[in-house]
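Here's run_6.tsv, which has TSV, N, CA and C atoms:
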```tsv
chain	number	residue	atom	x	y	z
A	294	MET	N	11.81	1.04	-5.60
A	294	MET	CA	13.04	1.08	-4.86
A	294	MET	C	12.78	1.77	-3.51
A	295	GLU	N	13.44	1.27	-2.48
A	295	GLU	CA	13.27	1.85	-1.15
A	295	GLU	C	14.03	3.15	-1.04
A	296	ASN	N	13.48	4.06	-0.26
A	296	ASN	CA	14.20	5.29	0.03
A	296	ASN	C	14.99	5.11	1.31
A	297	ILE	N	16.10	5.81	1.38
A	297	ILE	CA	16.95	5.71	2.55
A	297	ILE	C	16.32	6.49	3.68
A	298	LYS	N	16.42	5.97	4.87
A	298	LYS	CA	16.04	6.70	6.06
A	298	LYS	C	17.32	7.11	6.76
A	299	VAL	N	17.91	8.20	6.31
A	299	VAL	CA	19.15	8.68	6.89
A	299	VAL	C	18.81	9.34	8.22
A	300	ILE	N	19.42	8.85	9.26
A	300	ILE	CA	19.14	9.38	10.59
A	300	ILE	C	19.76	10.77	10.74
A	301	HIS	N	20.97	10.93	10.29
A	301	HIS	CA	21.67	12.19	10.48
A	301	HIS	C	22.45	12.53	9.20
A	302	ALA	N	22.09	13.62	8.57
A	302	ALA	CA	22.78	14.05	7.35
A	302	ALA	C	23.15	15.52	7.51
A	303	THR	N	24.42	15.82	7.32
A	303	THR	CA	24.86	17.21	7.41
A	303	THR	C	25.58	17.59	6.12
A	304	GLY	N	25.49	18.85	5.77
A	304	GLY	CA	26.18	19.39	4.62
A	304	GLY	C	25.43	19.29	3.31
A	305	ILE	N	24.33	18.56	3.27
A	305	ILE	CA	23.59	18.39	2.03
A	305	ILE	C	22.89	19.68	1.63
A	306	ASP	N	22.50	20.49	2.60
A	306	ASP	CA	21.80	21.74	2.30
A	306	ASP	C	22.68	22.76	1.58
A	307	LYS	N	24.00	22.59	1.64
A	307	LYS	CA	24.92	23.53	0.98
A	307	LYS	C	25.20	23.15	-0.48
A	308	LEU	N	24.71	22.00	-0.92
A	308	LEU	CA	24.95	21.53	-2.29
A	308	LEU	C	23.93	22.14	-3.24
A	309	THR	N	24.27	22.13	-4.53
A	309	THR	CA	23.33	22.58	-5.54
A	309	THR	C	22.26	21.50	-5.76
A	310	GLU	N	21.20	21.85	-6.48
A	310	GLU	CA	20.11	20.90	-6.69
A	310	GLU	C	20.58	19.68	-7.49
A	311	LYS	N	21.43	19.89	-8.47
A	311	LYS	CA	21.96	18.79	-9.29
A	311	LYS	C	22.81	17.86	-8.43
A	312	GLU	N	23.62	18.43	-7.54
A	312	GLU	CA	24.46	17.61	-6.66
A	312	GLU	C	23.61	16.85	-5.64
A	313	LYS	N	22.53	17.46	-5.16
A	313	LYS	CA	21.63	16.77	-4.23
A	313	LYS	C	20.99	15.55	-4.89
A	314	GLN	N	20.59	15.69	-6.15
A	314	GLN	CA	19.99	14.56	-6.87
A	314	GLN	C	21.00	13.45	-7.06
A	315	LEU	N	22.24	13.82	-7.36
A	315	LEU	CA	23.31	12.83	-7.53
A	315	LEU	C	23.56	12.07	-6.23
A	316	VAL	N	23.63	12.79	-5.13
A	316	VAL	CA	23.85	12.16	-3.82
A	316	VAL	C	22.69	11.23	-3.49
A	317	ASP	N	21.46	11.67	-3.72
A	317	ASP	CA	20.29	10.86	-3.42
A	317	ASP	C	20.27	9.58	-4.25
A	318	ARG	N	20.58	9.70	-5.54
A	318	ARG	CA	20.56	8.52	-6.43
A	318	ARG	C	21.63	7.51	-6.01
A	319	LEU	N	22.85	8.00	-5.73
A	319	LEU	CA	23.93	7.08	-5.38
A	319	LEU	C	23.72	6.44	-4.00
A	320	LEU	N	23.19	7.22	-3.05
A	320	LEU	CA	22.95	6.64	-1.73
A	320	LEU	C	21.86	5.57	-1.79
A	321	ASN	N	20.82	5.79	-2.58
A	321	ASN	CA	19.78	4.78	-2.74
A	321	ASN	C	20.33	3.50	-3.38
A	322	GLU	N	21.22	3.68	-4.34
A	322	GLU	CA	21.81	2.54	-5.03
A	322	GLU	C	22.67	1.70	-4.08
A	323	TYR	N	23.50	2.37	-3.29
A	323	TYR	CA	24.39	1.64	-2.38
A	323	TYR	C	23.67	1.15	-1.12
A	324	TYR	N	22.60	1.81	-0.74
A	324	TYR	CA	21.86	1.41	0.46
A	324	TYR	C	21.29	0.01	0.31
A	325	VAL	N	20.84	-0.33	-0.88
A	325	VAL	CA	20.29	-1.66	-1.13
A	325	VAL	C	21.39	-2.71	-0.94
A	326	ARG	N	22.59	-2.43	-1.43
A	326	ARG	CA	23.70	-3.37	-1.29
A	326	ARG	C	24.10	-3.53	0.17
A	327	ILE	N	24.12	-2.43	0.91
A	327	ILE	CA	24.51	-2.49	2.32
A	327	ILE	C	23.44	-3.21	3.14
A	328	GLN	N	22.19	-2.99	2.81
A	328	GLN	CA	21.10	-3.63	3.54
A	328	GLN	C	21.11	-5.14	3.35
A	329	ARG	N	21.56	-5.62	2.21
A	329	ARG	CA	21.69	-7.06	1.99
A	329	ARG	C	22.73	-7.67	2.92
A	330	GLN	N	23.81	-6.93	3.16
A	330	GLN	CA	24.88	-7.45	4.01
A	330	GLN	C	24.55	-7.33	5.49
A	331	LEU	N	23.90	-6.24	5.87
A	331	LEU	CA	23.55	-6.01	7.27
A	331	LEU	C	22.04	-6.15	7.44
A	332	LYS	N	21.62	-7.19	8.11
A	332	LYS	CA	20.18	-7.41	8.27
A	332	LYS	C	19.59	-6.48	9.33
A	333	ASN	N	20.37	-6.12	10.34
A	333	ASN	CA	19.86	-5.29	11.43
A	333	ASN	C	20.52	-3.91	11.40
A	334	LEU	N	20.24	-3.17	10.37
A	334	LEU	CA	20.78	-1.83	10.19
A	334	LEU	C	20.02	-0.87	11.11
A	335	VAL	N	20.73	-0.22	12.04
A	335	VAL	CA	20.09	0.65	13.01
A	335	VAL	C	20.04	2.08	12.51
A	336	SER	N	21.19	2.65	12.17
A	336	SER	CA	21.21	4.05	11.71
A	336	SER	C	22.34	4.27	10.72
A	337	LEU	N	22.18	5.30	9.92
A	337	LEU	CA	23.17	5.68	8.93
A	337	LEU	C	23.41	7.18	9.06
A	338	GLU	N	24.66	7.58	9.22
A	338	GLU	CA	25.01	8.99	9.32
A	338	GLU	C	25.86	9.35	8.11
A	339	PHE	N	25.46	10.40	7.42
A	339	PHE	CA	26.14	10.84	6.20
A	339	PHE	C	26.54	12.30	6.38
A	340	ASN	N	27.84	12.58	6.34
A	340	ASN	CA	28.35	13.94	6.49
A	340	ASN	C	29.15	14.31	5.25
A	341	ILE	N	28.85	15.45	4.68
A	341	ILE	CA	29.58	15.92	3.51
A	341	ILE	C	30.05	17.35	3.76
A	342	LYS	N	31.31	17.60	3.44
A	342	LYS	CA	31.87	18.94	3.56
A	342	LYS	C	32.33	19.39	2.18
A	343	GLU	N	32.17	20.66	1.93
A	343	GLU	CA	32.54	21.22	0.63
A	343	GLU	C	33.60	22.30	0.87
A	344	TYR	N	34.70	22.19	0.16
A	344	TYR	CA	35.78	23.17	0.26
A	344	TYR	C	35.90	23.86	-1.09
A	345	LYS	N	35.96	25.18	-1.10
A	345	LYS	CA	36.09	25.92	-2.35
A	345	LYS	C	37.52	26.42	-2.49
A	346	LYS	N	38.05	26.31	-3.69
A	346	LYS	CA	39.40	26.74	-3.99
A	346	LYS	C	39.32	27.95	-4.92
A	347	THR	N	39.80	29.09	-4.46
A	347	THR	CA	39.85	30.29	-5.30
A	347	THR	C	41.24	30.88	-5.20
A	348	GLY	N	41.63	31.63	-6.20
A	348	GLY	CA	42.95	32.25	-6.21
A	348	GLY	C	43.31	32.69	-7.61
A	349	GLU	N	44.54	33.14	-7.77
A	349	GLU	CA	44.99	33.62	-9.07
A	349	GLU	C	45.03	32.51	-10.10
A	350	ARG	N	45.50	31.34	-9.69
A	350	ARG	CA	45.62	30.23	-10.63
A	350	ARG	C	44.26	29.72	-11.08
A	351	TRP	N	43.28	29.78	-10.21
A	351	TRP	CA	41.97	29.20	-10.52
A	351	TRP	C	41.08	30.27	-11.12
A	352	LEU	N	40.79	30.15	-12.39
A	352	LEU	CA	39.91	31.10	-13.04
A	352	LEU	C	38.46	30.87	-12.63
A	353	THR	N	38.11	29.63	-12.38
A	353	THR	CA	36.78	29.31	-11.89
A	353	THR	C	36.92	28.71	-10.49
A	354	LYS	N	35.86	28.74	-9.76
A	354	LYS	CA	35.88	28.16	-8.42
A	354	LYS	C	35.83	26.65	-8.53
A	355	LYS	N	36.76	25.99	-7.87
A	355	LYS	CA	36.74	24.53	-7.83
A	355	LYS	C	36.27	24.11	-6.45
A	356	LYS	N	35.57	23.00	-6.40
A	356	LYS	CA	35.07	22.48	-5.13
A	356	LYS	C	35.73	21.14	-4.84
A	357	LYS	N	36.12	20.98	-3.61
A	357	LYS	CA	36.60	19.69	-3.14
A	357	LYS	C	35.60	19.17	-2.12
A	358	PHE	N	35.25	17.89	-2.22
A	358	PHE	CA	34.25	17.29	-1.36
A	358	PHE	C	34.90	16.27	-0.44
A	359	SER	N	34.48	16.28	0.79
A	359	SER	CA	34.92	15.29	1.76
A	359	SER	C	33.68	14.62	2.34
A	360	VAL	N	33.63	13.30	2.27
A	360	VAL	CA	32.45	12.56	2.71
A	360	VAL	C	32.86	11.60	3.82
A	361	HIS	N	32.08	11.60	4.89
A	361	HIS	CA	32.27	10.67	6.00
A	361	HIS	C	30.94	9.97	6.24
A	362	ILE	N	30.98	8.64	6.30
A	362	ILE	CA	29.75	7.87	6.50
A	362	ILE	C	29.97	6.89	7.65
A	363	ARG	N	28.92	6.72	8.44
A	363	ARG	CA	28.99	5.84	9.61
A	363	ARG	C	27.68	5.07	9.70
A	364	ILE	N	27.81	3.75	9.92
A	364	ILE	CA	26.65	2.88	10.07
A	364	ILE	C	26.71	2.24	11.44
A	365	ASN	N	25.60	2.33	12.14
A	365	ASN	CA	25.47	1.65	13.43
A	365	ASN	C	24.60	0.42	13.24
A	366	SER	N	25.16	-0.70	13.59
A	366	SER	CA	24.46	-1.97	13.52
A	366	SER	C	24.89	-2.72	14.79
A	367	ASP	N	25.05	-4.02	14.74
A	367	ASP	CA	25.62	-4.70	15.89
A	367	ASP	C	27.07	-4.27	16.09
A	368	LYS	N	27.71	-3.79	15.05
A	368	LYS	CA	29.03	-3.18	15.10
A	368	LYS	C	28.95	-1.81	14.43
A	369	VAL	N	29.99	-1.01	14.59
A	369	VAL	CA	30.04	0.31	13.97
A	369	VAL	C	30.99	0.25	12.79
A	370	TYR	N	30.52	0.73	11.64
A	370	TYR	CA	31.32	0.75	10.42
A	370	TYR	C	31.47	2.19	9.96
A	371	GLU	N	32.72	2.60	9.65
A	371	GLU	CA	32.97	3.98	9.24
A	371	GLU	C	33.89	3.99	8.02
A	372	ALA	N	33.73	5.03	7.20
A	372	ALA	CA	34.61	5.24	6.06
A	372	ALA	C	34.56	6.72	5.69
A	373	ASP	N	35.68	7.21	5.15
A	373	ASP	CA	35.70	8.59	4.67
A	373	ASP	C	36.65	8.70	3.49
A	374	TYR	N	36.38	9.72	2.66
A	374	TYR	CA	37.19	9.94	1.47
A	374	TYR	C	36.96	11.37	1.00
A	375	GLY	N	37.95	11.94	0.33
A	375	GLY	CA	37.82	13.29	-0.21
A	375	GLY	C	38.38	13.35	-1.62
A	376	ASP	N	37.70	14.12	-2.49
A	376	ASP	CA	38.13	14.25	-3.88
A	376	ASP	C	37.45	15.46	-4.51
A	377	TRP	N	37.88	15.81	-5.71
A	377	TRP	CA	37.33	16.97	-6.43
A	377	TRP	C	36.03	16.64	-7.13
A	378	ASP	N	35.78	15.37	-7.42
A	378	ASP	CA	34.57	14.95	-8.12
A	378	ASP	C	33.61	14.31	-7.11
A	379	LEU	N	32.38	14.82	-7.03
A	379	LEU	CA	31.43	14.35	-6.03
A	379	LEU	C	31.03	12.89	-6.26
A	380	ALA	N	30.76	12.52	-7.50
A	380	ALA	CA	30.34	11.14	-7.79
A	380	ALA	C	31.45	10.16	-7.43
A	381	ARG	N	32.68	10.48	-7.80
A	381	ARG	CA	33.82	9.61	-7.49
A	381	ARG	C	34.00	9.50	-5.98
A	382	THR	N	33.81	10.60	-5.27
A	382	THR	CA	33.97	10.60	-3.82
A	382	THR	C	32.96	9.67	-3.17
A	383	ILE	N	31.71	9.74	-3.60
A	383	ILE	CA	30.67	8.89	-3.00
A	383	ILE	C	30.91	7.42	-3.35
A	384	HIS	N	31.30	7.14	-4.60
A	384	HIS	CA	31.60	5.76	-4.98
A	384	HIS	C	32.74	5.20	-4.13
A	385	LYS	N	33.80	5.96	-3.96
A	385	LYS	CA	34.96	5.48	-3.20
A	385	LYS	C	34.61	5.24	-1.74
A	386	VAL	N	33.89	6.18	-1.13
A	386	VAL	CA	33.57	6.02	0.29
A	386	VAL	C	32.62	4.85	0.51
A	387	MET	N	31.69	4.63	-0.39
A	387	MET	CA	30.77	3.50	-0.25
A	387	MET	C	31.48	2.16	-0.46
A	388	ASN	N	32.40	2.12	-1.44
A	388	ASN	CA	33.16	0.89	-1.64
A	388	ASN	C	34.05	0.59	-0.43
A	389	LYS	N	34.64	1.63	0.16
A	389	LYS	CA	35.44	1.43	1.37
A	389	LYS	C	34.57	0.90	2.50
A	390	LEU	N	33.36	1.42	2.61
A	390	LEU	CA	32.44	0.98	3.66
A	390	LEU	C	32.02	-0.48	3.46
A	391	ILE	N	31.72	-0.84	2.23
A	391	ILE	CA	31.32	-2.23	1.93
A	391	ILE	C	32.48	-3.19	2.21
A	392	ASN	N	33.69	-2.78	1.85
A	392	ASN	CA	34.87	-3.62	2.14
A	392	ASN	C	35.08	-3.78	3.64
A	393	GLU	N	34.85	-2.72	4.40
A	393	GLU	CA	35.00	-2.82	5.85
A	393	GLU	C	33.94	-3.74	6.45
A	394	ILE	N	32.73	-3.67	5.94
A	394	ILE	CA	31.66	-4.56	6.42
A	394	ILE	C	32.02	-6.01	6.16
A	395	GLU	N	32.48	-6.30	4.94
A	395	GLU	CA	32.88	-7.67	4.61
A	395	GLU	C	34.04	-8.14	5.47
A	396	HIS	N	34.99	-7.27	5.70
A	396	HIS	CA	36.15	-7.62	6.50
A	396	HIS	C	35.77	-7.92	7.95
A	397	LYS	N	34.93	-7.09	8.55
A	397	LYS	CA	34.56	-7.31	9.95
A	397	LYS	C	33.64	-8.50	10.12
A	398	GLN	N	32.82	-8.81	9.15
A	398	GLN	CA	31.91	-9.94	9.28
A	398	GLN	C	32.63	-11.28	9.14
A	399	HIS	N	33.63	-11.35	8.29
A	399	HIS	CA	34.29	-12.62	8.02
A	399	HIS	C	35.62	-12.76	8.74
A	400	HIS	N	36.03	-11.77	9.45
A	400	HIS	CA	37.33	-11.80	10.11
A	400	HIS	C	37.41	-12.89	11.18
A	401	SER	N	36.37	-13.07	11.97
A	401	SER	CA	36.41	-14.06	13.03
A	401	SER	C	36.32	-15.49	12.48
A	402	ASP	N	35.74	-15.68	11.32
A	402	ASP	CA	35.58	-17.01	10.75
A	402	ASP	C	36.86	-17.54	10.11
A	403	GLN	N	37.77	-16.67	9.73
A	403	GLN	CA	38.95	-17.10	8.97
A	403	GLN	C	39.90	-17.95	9.80
A	404	HIS	N	40.10	-17.60	11.06
A	404	HIS	CA	41.17	-18.21	11.84
A	404	HIS	C	40.69	-19.31	12.77
A	405	PHE	N	39.46	-19.71	12.65
A	405	PHE	CA	38.94	-20.76	13.51
A	405	PHE	C	39.15	-22.11	12.83
A	406	LYS	N	40.06	-22.88	13.38
A	406	LYS	CA	40.32	-24.22	12.84
A	406	LYS	C	40.37	-25.21	13.99
A	407	ILE	N	39.90	-26.39	13.73
A	407	ILE	CA	40.03	-27.45	14.71
A	407	ILE	C	41.27	-28.24	14.34
A	408	ARG	N	42.20	-28.25	15.27
A	408	ARG	CA	43.47	-28.92	14.98
A	408	ARG	C	43.45	-30.33	15.55
A	409	ASN	N	43.96	-31.24	14.77
A	409	ASN	CA	44.08	-32.62	15.23
A	409	ASN	C	45.34	-32.75	16.07
A	410	LEU	N	45.29	-33.69	16.98
A	410	LEU	CA	46.48	-33.95	17.80
A	410	LEU	C	47.57	-34.55	16.92
A	411	GLN	N	48.77	-34.22	17.26
A	411	GLN	CA	49.89	-34.73	16.49
A	411	GLN	C	50.10	-36.22	16.84
A	412	LYS	N	50.31	-37.03	15.84
A	412	LYS	CA	50.49	-38.44	16.07
A	412	LYS	C	51.94	-38.69	16.51
A	413	VAL	N	52.06	-39.49	17.51
A	413	VAL	CA	53.39	-39.82	18.03
A	413	VAL	C	53.86	-41.09	17.35
A	414	ARG	N	55.06	-41.04	16.82
A	414	ARG	CA	55.61	-42.18	16.12
A	414	ARG	C	56.26	-43.15	17.11
A	415	LYS	N	55.96	-44.41	17.00
A	415	LYS	CA	56.55	-45.40	17.88
A	415	LYS	C	57.85	-45.89	17.31
A	416	ARG	N	58.83	-46.07	18.18
A	416	ARG	CA	60.13	-46.57	17.72
A	416	ARG	C	60.40	-47.94	18.21
```

Do you think you could lay out the structure here as structure tokens?
Amino acid sequence: MENIKVIHATGIDKLTEKEKQLVDRLLNEYYVRIQRQLKNLVSLEFNIKEYKKTGERWLTKKKKFSVHIRINSDKVYEADYGDWDLARTIHKVMNKLINEIEHKQHHSDQHFKIRNLQKVRKR
């Protein structure tokens, strides 16, 4: 399997080792799918932010993750999502990105029709 060549990645150094492995595995999995759709992939930027929730109600520290991803190709594709579960967050943001790629690639093809001239009825 190919490894991702992430041009710019921020926030990964603040994650635990288990979370880093999860991010690496999921990005490799989705990178293959994205590479099939985009033949001329120039760069991939992956930003992750971690928010900690502490207080009286929370007996343990909870983490909320926010992920923003951007791909530069012949067009720019972006997606972001935030959630309490890291795996779910990465799945959602990647699915949003793949949907945006499909939408932008096929958007111009949908409305192109060759219309025939209207026939004039003789009386």

Discussion item. Using DSSP secondary structure from the backbone, list all strand (DSSP E or B) positions within segment 317-346 of chain A, as a ChimeraX atom specification.
Written reply: /A:336-346

Discussion item. What's the separation between atom CA of Lys389 of chain A and atom CA of Tyr370 of chain A, in Å to one decimal place?
Written reply: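 One can read the atom CA of Lys389 of chain A to atom CA of Tyr370 of chain A distance as 10.0 Å.
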
Worksheet item: Between A:Asn333, A:Tyr344, A:Glu371, A:Leu319, which one has atoms that come closest to His384 of chain A, using all atoms listed in the file?
Response: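 Checking each of A:Asn333, A:Tyr344, A:Glu371, A:Leu319 against His384 of chain A, counting all atoms listed in the file, the winner is A:Leu319.
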
Item to complete: Select, from A:Arg326, A:Arg318, A:Arg416, A:Lys355, the residue with the minimum atom-to-atom distance to Trp377 of chain A, counting only N, CA and C atoms.
Response: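 That would be A:Lys355, the residue with the smallest distance to Trp377 of chain A.
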
Worksheet entry | Residue contacts of Arg363 of chain A (6.5 Å, only N, CA and C atoms) excluding same-chain residues fewer than 3 positions away, as a PyMOL selection string | chain A and resi 336-340+370-372

Resulting file, chosen residues, N, CA and C atoms, as a short mmCIF file (atom, residue, chain, number, x, y, z; two decimals), in the coordinates of the input:
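Output below, filename out-v5.cif:
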```cif
data_model
loop_
_atom_site.label_atom_id
_atom_site.label_comp_id
_atom_site.auth_asym_id
_atom_site.auth_seq_id
_atom_site.Cartn_x
_atom_site.Cartn_y
_atom_site.Cartn_z
N SER A 336 21.19 2.65 12.17
CA SER A 336 21.21 4.05 11.71
C SER A 336 22.34 4.27 10.72
N LEU A 337 22.18 5.30 9.92
CA LEU A 337 23.17 5.68 8.93
C LEU A 337 23.41 7.18 9.06
N GLU A 338 24.66 7.58 9.22
CA GLU A 338 25.01 8.99 9.32
C GLU A 338 25.86 9.35 8.11
N PHE A 339 25.46 10.40 7.42
CA PHE A 339 26.14 10.84 6.20
C PHE A 339 26.54 12.30 6.38
N ASN A 340 27.84 12.58 6.34
CA ASN A 340 28.35 13.94 6.49
C ASN A 340 29.15 14.31 5.25
N TYR A 370 30.52 0.73 11.64
CA TYR A 370 31.32 0.75 10.42
C TYR A 370 31.47 2.19 9.96
N GLU A 371 32.72 2.60 9.65
CA GLU A 371 32.97 3.98 9.24
C GLU A 371 33.89 3.99 8.02
N ALA A 372 33.73 5.03 7.20
CA ALA A 372 34.61 5.24 6.06
C ALA A 372 34.56 6.72 5.69
#
```

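When DSSP reads the backbone of this structure, the residues of segment 305-370 of chain A it assigns to alpha helix (DSSP H) are A:Glu310, A:Lys311, A:Glu312, A:Lys313, A:Gln314, A:Leu315, A:Val316, A:Asp317, A:Arg318, A:Leu319, A:Leu320, A:Asn321, A:Glu322, A:Tyr323, A:Tyr324, A:Val325, A:Arg326, A:Ile327, A:Gln328, A:Arg329, A:Gln330.
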
Worksheet item: So what do you get for atom CA of Asn392 of chain A versus atom N of Gln314 of chain A, distance-wise?
Response: 25.4 Å

Discussion item. Can you measure atom CA of Asp306 of chain A to atom CA of Asp378 of chain A for me? One decimal in Å is fine.
Written reply: 17.8 Å

Worksheet item: So, counting only C-alpha atoms, which residue among A:Ala302, A:Val369, A:Ile341, A:Leu410 is closest to Gln398 of chain A?
Response: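 Ranking A:Ala302, A:Val369, A:Ile341, A:Leu410 by distance to Gln398 of chain A, first place goes to A:Val369.
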
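Of the residues listed (A:Arg329, A:Lys342, A:Lys412, A:His301), A:Arg329 shows the shortest atom-to-atom separation from Ile391 of chain A; distances use only C-alpha atoms.
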
Worksheet entry | Selection near Ile327 of chain A, 10 Å with only C-alpha atoms, sequence-local residues under 2 positions removed, as a PyMOL selection string | chain A and resi 322-325+329-332+334+364+387+390-391+394

Take the residues from that selection and write them out as a PDB file, in the frame of the given file, keeping N, CA and C atoms.
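So result-v3.pdb came out as:
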```pdb
ATOM      1  N   GLU A 322      21.220   3.680  -4.340  1.00  0.00           N
ATOM      2  CA  GLU A 322      21.810   2.540  -5.030  1.00  0.00           C
ATOM      3  C   GLU A 322      22.670   1.700  -4.080  1.00  0.00           C
ATOM      4  N   TYR A 323      23.500   2.370  -3.290  1.00  0.00           N
ATOM      5  CA  TYR A 323      24.390   1.640  -2.380  1.00  0.00           C
ATOM      6  C   TYR A 323      23.670   1.150  -1.120  1.00  0.00           C
ATOM      7  N   TYR A 324      22.600   1.810  -0.740  1.00  0.00           N
ATOM      8  CA  TYR A 324      21.860   1.410   0.460  1.00  0.00           C
ATOM      9  C   TYR A 324      21.290   0.010   0.310  1.00  0.00           C
ATOM     10  N   VAL A 325      20.840  -0.330  -0.880  1.00  0.00           N
ATOM     11  CA  VAL A 325      20.290  -1.660  -1.130  1.00  0.00           C
ATOM     12  C   VAL A 325      21.390  -2.710  -0.940  1.00  0.00           C
ATOM     13  N   ARG A 329      21.560  -5.620   2.210  1.00  0.00           N
ATOM     14  CA  ARG A 329      21.690  -7.060   1.990  1.00  0.00           C
ATOM     15  C   ARG A 329      22.730  -7.670   2.920  1.00  0.00           C
ATOM     16  N   GLN A 330      23.810  -6.930   3.160  1.00  0.00           N
ATOM     17  CA  GLN A 330      24.880  -7.450   4.010  1.00  0.00           C
ATOM     18  C   GLN A 330      24.550  -7.330   5.490  1.00  0.00           C
ATOM     19  N   LEU A 331      23.900  -6.240   5.870  1.00  0.00           N
ATOM     20  CA  LEU A 331      23.550  -6.010   7.270  1.00  0.00           C
ATOM     21  C   LEU A 331      22.040  -6.150   7.440  1.00  0.00           C
ATOM     22  N   LYS A 332      21.620  -7.190   8.110  1.00  0.00           N
ATOM     23  CA  LYS A 332      20.180  -7.410   8.270  1.00  0.00           C
ATOM     24  C   LYS A 332      19.590  -6.480   9.330  1.00  0.00           C
ATOM     25  N   LEU A 334      20.240  -3.170  10.370  1.00  0.00           N
ATOM     26  CA  LEU A 334      20.780  -1.830  10.190  1.00  0.00           C
ATOM     27  C   LEU A 334      20.020  -0.870  11.110  1.00  0.00           C
ATOM     28  N   ILE A 364      27.810   3.750   9.920  1.00  0.00           N
ATOM     29  CA  ILE A 364      26.650   2.880  10.070  1.00  0.00           C
ATOM     30  C   ILE A 364      26.710   2.240  11.440  1.00  0.00           C
ATOM     31  N   MET A 387      31.690   4.630  -0.390  1.00  0.00           N
ATOM     32  CA  MET A 387      30.770   3.500  -0.250  1.00  0.00           C
ATOM     33  C   MET A 387      31.480   2.160  -0.460  1.00  0.00           C
ATOM     34  N   LEU A 390      33.360   1.420   2.610  1.00  0.00           N
ATOM     35  CA  LEU A 390      32.440   0.980   3.660  1.00  0.00           C
ATOM     36  C   LEU A 390      32.020  -0.480   3.460  1.00  0.00           C
ATOM     37  N   ILE A 391      31.720  -0.840   2.230  1.00  0.00           N
ATOM     38  CA  ILE A 391      31.320  -2.230   1.930  1.00  0.00           C
ATOM     39  C   ILE A 391      32.480  -3.190   2.210  1.00  0.00           C
ATOM     40  N   ILE A 394      32.730  -3.670   5.940  1.00  0.00           N
ATOM     41  CA  ILE A 394      31.660  -4.560   6.420  1.00  0.00           C
ATOM     42  C   ILE A 394      32.020  -6.010   6.160  1.00  0.00           C
TER      43      ILE A 394
END
```

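For the residues A:Asn321, A:Ile362, A:Gln328, A:Gly304, ranking by smallest atom-to-atom distance to Glu343 of chain A using all atoms listed in the file places A:Gly304 first.
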
Give me segment 324-369 of chain A from this structure - C-alpha atoms, as a CSV table (one decimal), in the first residue's frame.
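Final output, part.csv:
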```
chain,number,residue,atom,x,y,z
A,324,TYR,CA,-6.0,8.4,0.1
A,325,VAL,CA,-6.2,5.4,-2.4
A,326,ARG,CA,-9.9,6.2,-3.0
A,327,ILE,CA,-9.2,9.9,-3.6
A,328,GLN,CA,-6.2,9.2,-5.8
A,329,ARG,CA,-8.4,7.1,-8.1
A,330,GLN,CA,-10.8,10.1,-8.6
A,331,LEU,CA,-8.1,12.8,-8.9
A,332,LYS,CA,-5.3,11.8,-11.3
A,333,ASN,CA,-3.3,15.0,-10.8
A,334,LEU,CA,-3.2,15.3,-7.0
A,335,VAL,CA,-0.9,18.2,-6.1
A,336,SER,CA,-1.0,18.5,-2.4
A,337,LEU,CA,-3.0,17.4,0.7
A,338,GLU,CA,-3.3,19.5,3.8
A,339,PHE,CA,-4.6,17.9,7.0
A,340,ASN,CA,-5.3,19.9,10.1
A,341,ILE,CA,-6.6,18.5,13.4
A,342,LYS,CA,-7.5,20.4,16.5
A,343,GLU,CA,-8.2,18.8,19.9
A,344,TYR,CA,-10.4,20.4,22.5
A,345,LYS,CA,-10.5,19.1,26.1
A,346,LYS,CA,-13.6,19.3,28.2
A,347,THR,CA,-13.1,19.4,32.0
A,348,GLY,CA,-15.4,20.5,34.8
A,349,GLU,CA,-17.6,19.3,37.6
A,350,ARG,CA,-19.9,17.3,35.4
A,351,TRP,CA,-17.0,15.5,33.6
A,352,LEU,CA,-15.3,13.1,35.9
A,353,THR,CA,-12.8,12.2,33.1
A,354,LYS,CA,-11.4,14.5,30.5
A,355,LYS,CA,-13.3,14.3,27.2
A,356,LYS,CA,-11.7,15.3,23.9
A,357,LYS,CA,-13.5,16.8,21.0
A,358,PHE,CA,-11.7,16.7,17.6
A,359,SER,CA,-12.1,19.0,14.7
A,360,VAL,CA,-10.6,18.0,11.3
A,361,HIS,CA,-10.1,20.2,8.3
A,362,ILE,CA,-8.7,18.8,5.0
A,363,ARG,CA,-7.9,20.5,1.8
A,364,ILE,CA,-6.7,19.1,-1.5
A,365,ASN,CA,-5.1,21.1,-4.2
A,366,SER,CA,-5.5,19.7,-7.7
A,367,ASP,CA,-6.8,21.4,-10.8
A,368,LYS,CA,-9.5,22.6,-8.4
A,369,VAL,CA,-9.4,23.1,-4.6
```
